[in-house]
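Text of work05.cif (mmCIF, N, CA and C atoms) as supplied:
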data_upload
#
loop_
_atom_site.label_atom_id
_atom_site.label_comp_id
_atom_site.auth_asym_id
_atom_site.auth_seq_id
_atom_site.Cartn_x
_atom_site.Cartn_y
_atom_site.Cartn_z
N MET A 298 77.39 106.35 89.16
CA MET A 298 78.69 105.83 89.54
C MET A 298 78.72 105.57 91.05
N ILE A 299 79.42 104.54 91.43
CA ILE A 299 79.60 104.22 92.84
C ILE A 299 80.76 105.04 93.38
N ASN A 300 80.53 105.78 94.45
CA ASN A 300 81.57 106.62 95.06
C ASN A 300 82.34 105.91 96.15
N THR A 301 81.66 105.03 96.91
CA THR A 301 82.29 104.31 98.02
C THR A 301 81.72 102.90 98.07
N PHE A 302 82.59 101.94 98.33
CA PHE A 302 82.20 100.54 98.47
C PHE A 302 82.67 100.05 99.83
N ALA A 303 81.83 99.26 100.50
CA ALA A 303 82.20 98.72 101.81
C ALA A 303 81.84 97.24 101.88
N VAL A 304 82.70 96.47 102.53
CA VAL A 304 82.43 95.06 102.77
C VAL A 304 83.04 94.68 104.12
N SER A 305 82.32 93.83 104.84
CA SER A 305 82.78 93.41 106.15
C SER A 305 82.52 91.91 106.32
N ASN A 306 83.52 91.21 106.86
CA ASN A 306 83.43 89.78 107.16
C ASN A 306 83.28 88.89 105.93
N TYR A 307 83.93 89.27 104.84
CA TYR A 307 83.91 88.46 103.63
C TYR A 307 85.31 87.89 103.39
N ARG A 308 85.42 86.59 103.51
CA ARG A 308 86.67 85.86 103.30
C ARG A 308 87.85 86.51 104.02
N SER A 309 88.80 87.08 103.30
CA SER A 309 89.96 87.69 103.97
C SER A 309 89.77 89.18 104.25
N LEU A 310 88.59 89.70 103.97
CA LEU A 310 88.30 91.13 104.16
C LEU A 310 87.52 91.33 105.44
N LYS A 311 88.20 91.77 106.48
CA LYS A 311 87.55 91.98 107.78
C LYS A 311 86.62 93.18 107.76
N ASN A 312 87.14 94.32 107.33
CA ASN A 312 86.34 95.54 107.31
C ASN A 312 87.00 96.52 106.34
N VAL A 313 86.46 96.60 105.13
CA VAL A 313 87.05 97.44 104.10
C VAL A 313 86.03 98.49 103.67
N VAL A 314 86.45 99.74 103.69
CA VAL A 314 85.67 100.85 103.13
C VAL A 314 86.60 101.55 102.16
N SER A 315 86.19 101.59 100.88
CA SER A 315 87.08 102.11 99.86
C SER A 315 86.39 103.15 99.00
N PRO A 316 86.97 104.35 98.92
CA PRO A 316 86.45 105.33 97.97
C PRO A 316 86.78 104.86 96.55
N LEU A 317 85.90 105.15 95.60
CA LEU A 317 86.11 104.74 94.22
C LEU A 317 86.02 105.96 93.31
N SER A 318 86.67 105.84 92.16
CA SER A 318 86.61 106.91 91.16
C SER A 318 86.35 106.27 89.80
N GLY A 319 86.51 107.04 88.74
CA GLY A 319 86.24 106.52 87.40
C GLY A 319 87.12 105.34 87.01
N LEU A 320 88.36 105.33 87.48
CA LEU A 320 89.29 104.24 87.22
C LEU A 320 89.96 103.87 88.53
N ASN A 321 89.92 102.61 88.88
CA ASN A 321 90.51 102.14 90.14
C ASN A 321 91.45 100.98 89.84
N VAL A 322 92.64 101.02 90.39
CA VAL A 322 93.63 99.97 90.22
C VAL A 322 93.93 99.39 91.60
N VAL A 323 93.78 98.09 91.71
CA VAL A 323 94.05 97.41 92.98
C VAL A 323 95.33 96.59 92.81
N THR A 324 96.32 96.89 93.64
CA THR A 324 97.59 96.17 93.56
C THR A 324 97.97 95.65 94.94
N GLY A 325 98.88 94.72 94.97
CA GLY A 325 99.37 94.18 96.24
C GLY A 325 99.97 92.82 96.03
N PRO A 326 100.63 92.29 97.07
CA PRO A 326 101.26 90.97 96.95
C PRO A 326 100.21 89.86 96.89
N ASN A 327 100.67 88.69 96.49
CA ASN A 327 99.78 87.52 96.47
C ASN A 327 99.19 87.29 97.85
N GLY A 328 97.93 86.93 97.90
CA GLY A 328 97.28 86.57 99.16
C GLY A 328 96.85 87.74 100.02
N CYS A 329 96.84 88.95 99.48
CA CYS A 329 96.47 90.11 100.31
C CYS A 329 94.98 90.45 100.23
N GLY A 330 94.23 89.80 99.33
CA GLY A 330 92.80 90.03 99.28
C GLY A 330 92.27 90.70 98.03
N LYS A 331 93.11 90.87 97.01
CA LYS A 331 92.66 91.53 95.77
C LYS A 331 91.50 90.76 95.14
N SER A 332 91.61 89.46 95.01
CA SER A 332 90.56 88.65 94.40
C SER A 332 89.29 88.67 95.25
N ASN A 333 89.44 88.66 96.57
CA ASN A 333 88.26 88.71 97.43
C ASN A 333 87.55 90.05 97.34
N LEU A 334 88.28 91.12 97.12
CA LEU A 334 87.67 92.42 96.90
C LEU A 334 86.83 92.38 95.62
N TYR A 335 87.40 91.84 94.57
CA TYR A 335 86.68 91.69 93.31
C TYR A 335 85.45 90.79 93.48
N LYS A 336 85.61 89.66 94.18
CA LYS A 336 84.49 88.73 94.38
C LYS A 336 83.37 89.37 95.20
N SER A 337 83.73 90.20 96.17
CA SER A 337 82.70 90.85 96.97
C SER A 337 81.93 91.88 96.14
N LEU A 338 82.61 92.57 95.24
CA LEU A 338 81.93 93.49 94.31
C LEU A 338 80.99 92.71 93.39
N ARG A 339 81.45 91.57 92.92
CA ARG A 339 80.61 90.73 92.05
C ARG A 339 79.38 90.23 92.81
N LEU A 340 79.58 89.85 94.07
CA LEU A 340 78.46 89.38 94.89
C LEU A 340 77.44 90.50 95.10
N LEU A 341 77.90 91.71 95.30
CA LEU A 341 77.00 92.84 95.44
C LEU A 341 76.24 93.08 94.13
N ALA A 342 76.90 92.93 93.01
CA ALA A 342 76.23 93.07 91.70
C ALA A 342 75.19 91.97 91.52
N GLU A 343 75.50 90.75 91.96
CA GLU A 343 74.53 89.65 91.88
C GLU A 343 73.30 89.92 92.75
N THR A 344 73.51 90.62 93.86
CA THR A 344 72.39 91.02 94.72
C THR A 344 71.43 91.90 93.94
N ALA A 345 71.96 92.84 93.18
CA ALA A 345 71.12 93.74 92.38
C ALA A 345 70.36 92.98 91.30
N LYS A 346 70.93 91.89 90.81
CA LYS A 346 70.27 91.08 89.77
C LYS A 346 69.26 90.10 90.35
N GLY A 347 69.22 89.97 91.69
CA GLY A 347 68.32 89.01 92.32
C GLY A 347 68.90 87.62 92.43
N ASN A 348 70.22 87.48 92.26
CA ASN A 348 70.88 86.17 92.29
C ASN A 348 71.74 85.96 93.52
N LEU A 349 71.47 86.67 94.59
CA LEU A 349 72.33 86.61 95.78
C LEU A 349 72.45 85.21 96.35
N ILE A 350 71.33 84.55 96.59
CA ILE A 350 71.35 83.24 97.24
C ILE A 350 72.07 82.20 96.37
N SER A 351 71.78 82.18 95.07
CA SER A 351 72.45 81.21 94.20
C SER A 351 73.95 81.50 94.08
N SER A 352 74.34 82.77 94.10
CA SER A 352 75.77 83.12 94.05
C SER A 352 76.49 82.66 95.30
N ILE A 353 75.86 82.82 96.46
CA ILE A 353 76.47 82.35 97.70
C ILE A 353 76.56 80.83 97.71
N ALA A 354 75.53 80.17 97.18
CA ALA A 354 75.56 78.71 97.09
C ALA A 354 76.71 78.24 96.21
N GLN A 355 77.00 78.95 95.12
CA GLN A 355 78.11 78.60 94.24
C GLN A 355 79.47 78.77 94.93
N GLU A 356 79.52 79.63 95.93
CA GLU A 356 80.76 79.83 96.69
C GLU A 356 80.91 78.79 97.80
N GLY A 357 79.95 77.91 97.98
CA GLY A 357 80.03 76.88 99.00
C GLY A 357 79.12 77.13 100.19
N GLY A 358 78.33 78.19 100.13
CA GLY A 358 77.43 78.52 101.23
C GLY A 358 77.94 79.70 102.03
N LEU A 359 77.05 80.28 102.82
CA LEU A 359 77.40 81.48 103.58
C LEU A 359 78.53 81.24 104.56
N ASP A 360 78.56 80.08 105.20
CA ASP A 360 79.64 79.79 106.16
C ASP A 360 81.02 79.90 105.53
N TYR A 361 81.14 79.55 104.25
CA TYR A 361 82.43 79.59 103.57
C TYR A 361 82.81 80.99 103.10
N THR A 362 81.88 81.92 103.14
CA THR A 362 82.20 83.29 102.73
C THR A 362 82.60 84.15 103.92
N PHE A 363 82.33 83.70 105.13
CA PHE A 363 82.61 84.51 106.32
C PHE A 363 84.11 84.66 106.57
N TRP A 364 84.47 85.79 107.18
CA TRP A 364 85.81 86.05 107.69
C TRP A 364 86.17 84.93 108.65
N ALA A 365 87.30 84.29 108.44
CA ALA A 365 87.70 83.16 109.27
C ALA A 365 88.66 83.55 110.39
N GLY A 366 89.06 84.81 110.41
CA GLY A 366 90.00 85.26 111.43
C GLY A 366 89.33 85.54 112.75
N PRO A 367 90.06 86.12 113.67
CA PRO A 367 89.51 86.39 115.01
C PRO A 367 88.45 87.50 114.96
N GLU A 368 87.57 87.49 115.96
CA GLU A 368 86.53 88.52 116.02
C GLU A 368 87.14 89.90 116.26
N LYS A 369 88.19 89.95 117.06
CA LYS A 369 88.88 91.22 117.32
C LYS A 369 90.35 91.08 116.98
N LEU A 370 90.88 92.09 116.31
CA LEU A 370 92.30 92.11 116.00
C LEU A 370 93.04 92.82 117.13
N THR A 371 94.04 92.15 117.69
CA THR A 371 94.82 92.75 118.77
C THR A 371 95.84 93.72 118.19
N LYS A 372 96.44 94.50 119.06
CA LYS A 372 97.46 95.47 118.64
C LYS A 372 98.64 94.74 118.00
N THR A 373 99.03 93.60 118.57
CA THR A 373 100.16 92.86 118.04
C THR A 373 99.84 92.24 116.67
N MET A 374 98.58 91.88 116.45
CA MET A 374 98.19 91.39 115.13
C MET A 374 98.26 92.52 114.11
N LYS A 375 97.83 93.70 114.53
CA LYS A 375 97.83 94.85 113.62
C LYS A 375 99.23 95.30 113.25
N ASP A 376 100.17 95.22 114.20
CA ASP A 376 101.53 95.66 113.88
C ASP A 376 102.39 94.55 113.27
N GLY A 377 101.82 93.33 113.13
CA GLY A 377 102.51 92.24 112.46
C GLY A 377 103.39 91.39 113.34
N SER A 378 103.44 91.66 114.65
CA SER A 378 104.31 90.86 115.51
C SER A 378 103.63 89.58 115.99
N ALA A 379 102.34 89.45 115.76
CA ALA A 379 101.62 88.21 116.08
C ALA A 379 100.81 87.79 114.86
N PRO A 380 100.66 86.48 114.65
CA PRO A 380 99.90 86.03 113.48
C PRO A 380 98.40 86.29 113.66
N VAL A 381 97.71 86.50 112.55
CA VAL A 381 96.26 86.65 112.56
C VAL A 381 95.69 85.25 112.36
N GLU A 382 95.12 84.68 113.43
CA GLU A 382 94.61 83.32 113.38
C GLU A 382 93.15 83.29 113.79
N GLY A 383 92.41 82.37 113.19
CA GLY A 383 91.00 82.21 113.51
C GLY A 383 90.79 81.61 114.88
N ALA A 384 89.58 81.78 115.39
CA ALA A 384 89.20 81.23 116.68
C ALA A 384 87.70 80.98 116.67
N ALA A 385 87.22 80.26 117.66
CA ALA A 385 85.79 80.01 117.76
C ALA A 385 85.05 81.34 117.92
N LYS A 386 83.93 81.47 117.22
CA LYS A 386 83.15 82.71 117.26
C LYS A 386 82.23 82.72 118.47
N LYS A 387 82.20 83.85 119.18
CA LYS A 387 81.29 84.01 120.31
C LYS A 387 80.00 84.70 119.89
N ASN A 388 80.10 85.54 118.86
CA ASN A 388 78.94 86.30 118.38
C ASN A 388 78.49 85.77 117.03
N ASN A 389 77.24 86.05 116.67
CA ASN A 389 76.74 85.70 115.36
C ASN A 389 77.48 86.52 114.31
N THR A 390 77.90 85.86 113.26
CA THR A 390 78.63 86.53 112.20
C THR A 390 77.65 87.06 111.16
N ARG A 391 77.96 88.23 110.63
CA ARG A 391 77.17 88.83 109.57
C ARG A 391 78.10 89.22 108.42
N LEU A 392 77.69 88.92 107.22
CA LEU A 392 78.36 89.40 106.03
C LEU A 392 77.65 90.70 105.66
N ARG A 393 78.42 91.79 105.57
CA ARG A 393 77.84 93.09 105.27
C ARG A 393 78.50 93.66 104.02
N MET A 394 77.66 94.18 103.12
CA MET A 394 78.16 94.80 101.89
C MET A 394 77.30 96.01 101.59
N GLY A 395 77.88 96.97 100.90
CA GLY A 395 77.09 98.11 100.49
C GLY A 395 77.88 99.09 99.66
N PHE A 396 77.18 100.09 99.18
CA PHE A 396 77.83 101.14 98.39
C PHE A 396 77.08 102.44 98.57
N VAL A 397 77.75 103.53 98.26
CA VAL A 397 77.14 104.85 98.18
C VAL A 397 77.41 105.35 96.78
N GLY A 398 76.35 105.74 96.09
CA GLY A 398 76.49 106.28 94.74
C GLY A 398 76.22 107.77 94.74
N GLU A 399 76.06 108.30 93.56
CA GLU A 399 75.83 109.74 93.42
C GLU A 399 74.48 110.15 93.99
N ASP A 400 73.46 109.29 93.86
CA ASP A 400 72.11 109.64 94.28
C ASP A 400 71.62 108.89 95.52
N PHE A 401 72.08 107.69 95.72
CA PHE A 401 71.58 106.89 96.84
C PHE A 401 72.63 105.89 97.30
N GLY A 402 72.34 105.27 98.45
CA GLY A 402 73.20 104.24 98.99
C GLY A 402 72.40 102.96 99.23
N TYR A 403 73.09 101.85 99.34
CA TYR A 403 72.46 100.54 99.55
C TYR A 403 73.36 99.72 100.46
N ALA A 404 72.76 99.01 101.39
CA ALA A 404 73.52 98.11 102.27
C ALA A 404 72.69 96.87 102.56
N ILE A 405 73.37 95.75 102.70
CA ILE A 405 72.71 94.49 103.04
C ILE A 405 73.56 93.75 104.06
N SER A 406 72.89 93.10 105.00
CA SER A 406 73.55 92.31 106.03
C SER A 406 72.95 90.90 105.99
N LEU A 407 73.81 89.89 105.88
CA LEU A 407 73.37 88.50 105.79
C LEU A 407 73.90 87.70 106.96
N GLY A 408 73.09 86.75 107.42
CA GLY A 408 73.50 85.86 108.49
C GLY A 408 72.82 84.52 108.34
N MET A 409 73.11 83.63 109.24
CA MET A 409 72.47 82.31 109.23
C MET A 409 71.10 82.43 109.91
N PRO A 410 70.14 81.60 109.49
CA PRO A 410 68.82 81.65 110.13
C PRO A 410 68.89 81.22 111.59
N ALA A 411 67.97 81.73 112.38
CA ALA A 411 67.85 81.32 113.79
C ALA A 411 67.42 79.86 113.83
N PRO A 412 67.88 79.11 114.82
CA PRO A 412 67.46 77.71 114.95
C PRO A 412 65.94 77.61 115.06
N GLN A 413 65.37 76.60 114.41
CA GLN A 413 63.93 76.40 114.46
C GLN A 413 63.58 75.38 115.52
N GLY A 414 62.33 75.38 115.91
CA GLY A 414 61.86 74.43 116.91
C GLY A 414 61.55 75.12 118.22
N PHE A 415 61.12 74.35 119.21
CA PHE A 415 60.77 74.90 120.51
C PHE A 415 61.09 73.89 121.59
N ALA A 416 61.24 74.36 122.79
CA ALA A 416 61.48 73.51 123.98
C ALA A 416 62.63 72.53 123.76
N GLY A 417 63.68 73.00 123.11
CA GLY A 417 64.85 72.16 122.92
C GLY A 417 64.73 71.19 121.76
N TYR A 418 63.57 71.14 121.09
CA TYR A 418 63.40 70.24 119.96
C TYR A 418 63.72 70.99 118.67
N GLN A 419 64.67 70.51 117.92
CA GLN A 419 65.08 71.15 116.68
C GLN A 419 64.55 70.32 115.52
N GLU A 420 63.63 70.89 114.77
CA GLU A 420 63.11 70.21 113.59
C GLU A 420 64.01 70.54 112.41
N PRO A 421 64.52 69.54 111.71
CA PRO A 421 65.39 69.84 110.58
C PRO A 421 64.63 70.57 109.48
N SER A 422 65.33 71.46 108.80
CA SER A 422 64.75 72.22 107.71
C SER A 422 65.64 72.08 106.49
N MET A 423 65.03 72.05 105.32
CA MET A 423 65.81 71.99 104.08
C MET A 423 66.58 73.30 103.87
N PHE A 424 66.17 74.37 104.55
CA PHE A 424 66.76 75.68 104.31
C PHE A 424 67.57 76.20 105.50
N GLN A 425 67.96 75.31 106.42
CA GLN A 425 68.64 75.75 107.64
C GLN A 425 70.03 76.33 107.38
N PHE A 426 70.62 76.08 106.22
CA PHE A 426 71.94 76.62 105.91
C PHE A 426 71.90 77.72 104.86
N ASP A 427 70.70 78.09 104.41
CA ASP A 427 70.56 79.18 103.45
C ASP A 427 70.75 80.51 104.16
N PRO A 428 71.40 81.45 103.51
CA PRO A 428 71.58 82.76 104.13
C PRO A 428 70.25 83.46 104.33
N GLU A 429 70.20 84.26 105.35
CA GLU A 429 68.99 85.03 105.65
C GLU A 429 69.37 86.51 105.63
N ILE A 430 68.54 87.31 104.97
CA ILE A 430 68.78 88.75 104.96
C ILE A 430 68.35 89.29 106.32
N LYS A 431 69.31 89.80 107.05
CA LYS A 431 69.04 90.33 108.39
C LYS A 431 68.63 91.80 108.33
N ARG A 432 69.22 92.53 107.39
CA ARG A 432 68.88 93.94 107.23
C ARG A 432 69.23 94.36 105.82
N GLU A 433 68.38 95.19 105.24
CA GLU A 433 68.62 95.73 103.92
C GLU A 433 68.08 97.15 103.91
N CYS A 434 68.84 98.07 103.36
CA CYS A 434 68.45 99.47 103.44
C CYS A 434 68.87 100.22 102.17
N ILE A 435 68.00 101.11 101.72
CA ILE A 435 68.30 102.05 100.64
C ILE A 435 68.05 103.43 101.19
N TRP A 436 68.98 104.36 100.95
CA TRP A 436 68.83 105.71 101.49
C TRP A 436 69.31 106.74 100.48
N ALA A 437 68.86 107.96 100.68
CA ALA A 437 69.31 109.08 99.86
C ALA A 437 70.46 109.76 100.59
N GLY A 438 71.50 110.16 99.85
CA GLY A 438 72.63 110.84 100.47
C GLY A 438 73.81 109.93 100.71
N ASP A 439 74.75 110.45 101.48
CA ASP A 439 76.02 109.76 101.72
C ASP A 439 76.00 108.78 102.89
N VAL A 440 75.13 109.01 103.88
CA VAL A 440 75.17 108.22 105.11
C VAL A 440 73.79 107.63 105.39
N CYS A 441 73.78 106.37 105.82
CA CYS A 441 72.52 105.70 106.18
C CYS A 441 72.09 106.16 107.57
N ARG A 442 70.99 106.88 107.61
CA ARG A 442 70.38 107.34 108.86
C ARG A 442 68.88 107.17 108.69
N PRO A 443 68.13 107.17 109.77
CA PRO A 443 66.68 106.99 109.65
C PRO A 443 65.98 108.05 108.79
N ALA A 444 66.39 109.30 108.88
CA ALA A 444 65.70 110.38 108.14
C ALA A 444 65.78 110.21 106.62
N PRO A 445 66.97 109.95 106.03
CA PRO A 445 67.01 109.82 104.57
C PRO A 445 66.70 108.41 104.06
N ALA A 446 66.33 107.47 104.93
CA ALA A 446 66.04 106.12 104.49
C ALA A 446 64.81 106.11 103.58
N VAL A 447 64.96 105.43 102.45
CA VAL A 447 63.87 105.31 101.50
C VAL A 447 63.15 103.98 101.73
N VAL A 448 63.92 102.94 101.87
CA VAL A 448 63.38 101.59 102.10
C VAL A 448 64.19 100.94 103.19
#

Whole structure, structure tokens version:
Amino acid sequence: MINTFAVSNYRSLKNVVSPLSGLNVVTGPNGCGKSNLYKSLRLLAETAKGNLISSIAQEGGLDYTFWAGPEKLTKTMKDGSAPVEGAAKKNNTRLRMGFVGEDFGYAISLGMPAPQGFAGYQEPSMFQFDPEIKRECIWAGDVCRPAPAVV
């Protein structure tokens, strides 16, 4: 059984860490992210099946799965007195997902590939928009640290 699920930078989910139990009910108003929570769980399941890249392609590509809001949420955004609006990204965006189960944990971080070419020359690639696995880890226990890392 999965004890904790985490997702970061997926659609409307900026940074969610949720404990899970045998039965979980997700409620809330329209547009609060319930469907995106479900979709992120499905995407994580597709990762286990080996269908991660094709699942992301069906969603429109990695760029369309990223959090579209600001990189940092201000105090006024958090208290609701200012709108949460997107802005140009200064840092590379990563889609991060993972879980902790009874025996082990798993996490994956996805991003866009680094530009190819040299000396300012960019050679086009058929795969330049495909997601790239930046980090993937399996560990024993509740927390990912170097000592309990298995893979």

- Message: Could you list, as number ranges by chain, every residue within 6.5 Å of A:Arg393, counting only N, CA and C atoms and ignoring same-chain residues fewer than 2 positions away?
- Response: A: 303-307, 391, 395, 405-407

* Asked: Where does the PyMOL selection byres (((chain A and resi 336-349 and name CA) around 8) and name CA) land in this file, that is, which residues does it pick, as a ChimeraX atom specification?
  -> /A:304,307,332-335,350-353,394-395

Using all atoms listed in the file, which protein or nucleic acid residues come within 8 Å of stretch 309-323 of chain A? Drop anything in the same chain fewer than 3 positions from it, and give the result as a ChimeraX atom specification.
/A:298-306,328-331,333-334,362-366

With DSSP run on the backbone, what are the helix (DSSP H, G or I) residues within stretch 325-445 of chain A? I'd like them as a PyMOL selection string.
chain A and resi 331-346+349-355+359-362+372-376

Can I get the selected residues back with N, CA and C atoms, as a short mmCIF file (atom, residue, chain, number, x, y, z; two decimals), in the frame of the given file?
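After the write, again.cif holds the following:
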data_model
loop_
_atom_site.label_atom_id
_atom_site.label_comp_id
_atom_site.auth_asym_id
_atom_site.auth_seq_id
_atom_site.Cartn_x
_atom_site.Cartn_y
_atom_site.Cartn_z
N LYS A 331 93.11 90.87 97.01
CA LYS A 331 92.66 91.53 95.77
C LYS A 331 91.50 90.76 95.14
N SER A 332 91.61 89.46 95.01
CA SER A 332 90.56 88.65 94.40
C SER A 332 89.29 88.67 95.25
N ASN A 333 89.44 88.66 96.57
CA ASN A 333 88.26 88.71 97.43
C ASN A 333 87.55 90.05 97.34
N LEU A 334 88.28 91.12 97.12
CA LEU A 334 87.67 92.42 96.90
C LEU A 334 86.83 92.38 95.62
N TYR A 335 87.40 91.84 94.57
CA TYR A 335 86.68 91.69 93.31
C TYR A 335 85.45 90.79 93.48
N LYS A 336 85.61 89.66 94.18
CA LYS A 336 84.49 88.73 94.38
C LYS A 336 83.37 89.37 95.20
N SER A 337 83.73 90.20 96.17
CA SER A 337 82.70 90.85 96.97
C SER A 337 81.93 91.88 96.14
N LEU A 338 82.61 92.57 95.24
CA LEU A 338 81.93 93.49 94.31
C LEU A 338 80.99 92.71 93.39
N ARG A 339 81.45 91.57 92.92
CA ARG A 339 80.61 90.73 92.05
C ARG A 339 79.38 90.23 92.81
N LEU A 340 79.58 89.85 94.07
CA LEU A 340 78.46 89.38 94.89
C LEU A 340 77.44 90.50 95.10
N LEU A 341 77.90 91.71 95.30
CA LEU A 341 77.00 92.84 95.44
C LEU A 341 76.24 93.08 94.13
N ALA A 342 76.90 92.93 93.01
CA ALA A 342 76.23 93.07 91.70
C ALA A 342 75.19 91.97 91.52
N GLU A 343 75.50 90.75 91.96
CA GLU A 343 74.53 89.65 91.88
C GLU A 343 73.30 89.92 92.75
N THR A 344 73.51 90.62 93.86
CA THR A 344 72.39 91.02 94.72
C THR A 344 71.43 91.90 93.94
N ALA A 345 71.96 92.84 93.18
CA ALA A 345 71.12 93.74 92.38
C ALA A 345 70.36 92.98 91.30
N LYS A 346 70.93 91.89 90.81
CA LYS A 346 70.27 91.08 89.77
C LYS A 346 69.26 90.10 90.35
N LEU A 349 71.47 86.67 94.59
CA LEU A 349 72.33 86.61 95.78
C LEU A 349 72.45 85.21 96.35
N ILE A 350 71.33 84.55 96.59
CA ILE A 350 71.35 83.24 97.24
C ILE A 350 72.07 82.20 96.37
N SER A 351 71.78 82.18 95.07
CA SER A 351 72.45 81.21 94.20
C SER A 351 73.95 81.50 94.08
N SER A 352 74.34 82.77 94.10
CA SER A 352 75.77 83.12 94.05
C SER A 352 76.49 82.66 95.30
N ILE A 353 75.86 82.82 96.46
CA ILE A 353 76.47 82.35 97.70
C ILE A 353 76.56 80.83 97.71
N ALA A 354 75.53 80.17 97.18
CA ALA A 354 75.56 78.71 97.09
C ALA A 354 76.71 78.24 96.21
N GLN A 355 77.00 78.95 95.12
CA GLN A 355 78.11 78.60 94.24
C GLN A 355 79.47 78.77 94.93
N LEU A 359 77.05 80.28 102.82
CA LEU A 359 77.40 81.48 103.58
C LEU A 359 78.53 81.24 104.56
N ASP A 360 78.56 80.08 105.20
CA ASP A 360 79.64 79.79 106.16
C ASP A 360 81.02 79.90 105.53
N TYR A 361 81.14 79.55 104.25
CA TYR A 361 82.43 79.59 103.57
C TYR A 361 82.81 80.99 103.10
N THR A 362 81.88 81.92 103.14
CA THR A 362 82.20 83.29 102.73
C THR A 362 82.60 84.15 103.92
N LYS A 372 96.44 94.50 119.06
CA LYS A 372 97.46 95.47 118.64
C LYS A 372 98.64 94.74 118.00
N THR A 373 99.03 93.60 118.57
CA THR A 373 100.16 92.86 118.04
C THR A 373 99.84 92.24 116.67
N MET A 374 98.58 91.88 116.45
CA MET A 374 98.19 91.39 115.13
C MET A 374 98.26 92.52 114.11
N LYS A 375 97.83 93.70 114.53
CA LYS A 375 97.83 94.85 113.62
C LYS A 375 99.23 95.30 113.25
N ASP A 376 100.17 95.22 114.20
CA ASP A 376 101.53 95.66 113.88
C ASP A 376 102.39 94.55 113.27
#

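Of the residues listed (A:Asn389, A:Glu429, A:Ala384, A:Pro326), A:Ala384 shows the shortest atom-to-atom separation from A:Glu368; distances use all atoms listed in the file.
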
Just the number, please: distance in Å from atom C of A:Lys387 to atom C of A:Lys369, one decimal.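 Computing the Euclidean distance for atom C of A:Lys387 and atom C of A:Lys369 yields 12.5 Å.
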
In stretch 327-443 of chain A, what's strand (DSSP E) per DSSP? Answer as a PyMOL selection string? chain A and resi 392-398+401-408+429-437

Note to self: Need the shell around A:Gly438: protein/DNA/RNA residues with any atom at most 8 Å away, counting all atoms listed in the file. Skip same-chain ones fewer than 6 positions apart. Format as number ranges by chain?
What the structure shows: A: 397-402, 445-446

Since the input has fewer atoms than a full residue there, write stretch 346-350 of chain A out with all heavy atoms, as a compact mmCIF listing (two decimals), in the frame of the given file.
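Writing the result to rebuild.txt gives the following:
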# COMPACT_ATOMS: atom_id res chain seq x y z
N LYS A 346 70.93 91.89 90.81
CA LYS A 346 70.27 91.08 89.77
C LYS A 346 69.26 90.10 90.35
O LYS A 346 68.56 89.42 89.61
CB LYS A 346 71.31 90.28 88.99
CG LYS A 346 72.23 91.11 88.16
CD LYS A 346 73.23 90.18 87.48
CE LYS A 346 74.30 90.90 86.72
NZ LYS A 346 75.27 89.96 86.14
N GLY A 347 69.22 89.97 91.69
CA GLY A 347 68.32 89.01 92.32
C GLY A 347 68.90 87.62 92.43
O GLY A 347 68.17 86.65 92.65
N ASN A 348 70.22 87.48 92.26
CA ASN A 348 70.88 86.17 92.29
C ASN A 348 71.74 85.96 93.52
O ASN A 348 72.68 85.16 93.48
CB ASN A 348 71.75 86.01 91.03
CG ASN A 348 70.95 86.06 89.77
OD1 ASN A 348 69.80 85.68 89.73
ND2 ASN A 348 71.56 86.58 88.71
N LEU A 349 71.47 86.67 94.59
CA LEU A 349 72.33 86.61 95.78
C LEU A 349 72.45 85.21 96.35
O LEU A 349 73.56 84.70 96.55
CB LEU A 349 71.81 87.56 96.86
CG LEU A 349 72.53 87.52 98.20
CD1 LEU A 349 73.96 88.00 98.04
CD2 LEU A 349 71.80 88.35 99.22
N ILE A 350 71.33 84.55 96.59
CA ILE A 350 71.35 83.24 97.24
C ILE A 350 72.07 82.20 96.37
O ILE A 350 72.90 81.44 96.86
CB ILE A 350 69.92 82.78 97.59
CG1 ILE A 350 69.20 83.82 98.45
CG2 ILE A 350 69.93 81.41 98.26
CD1 ILE A 350 69.89 84.16 99.75
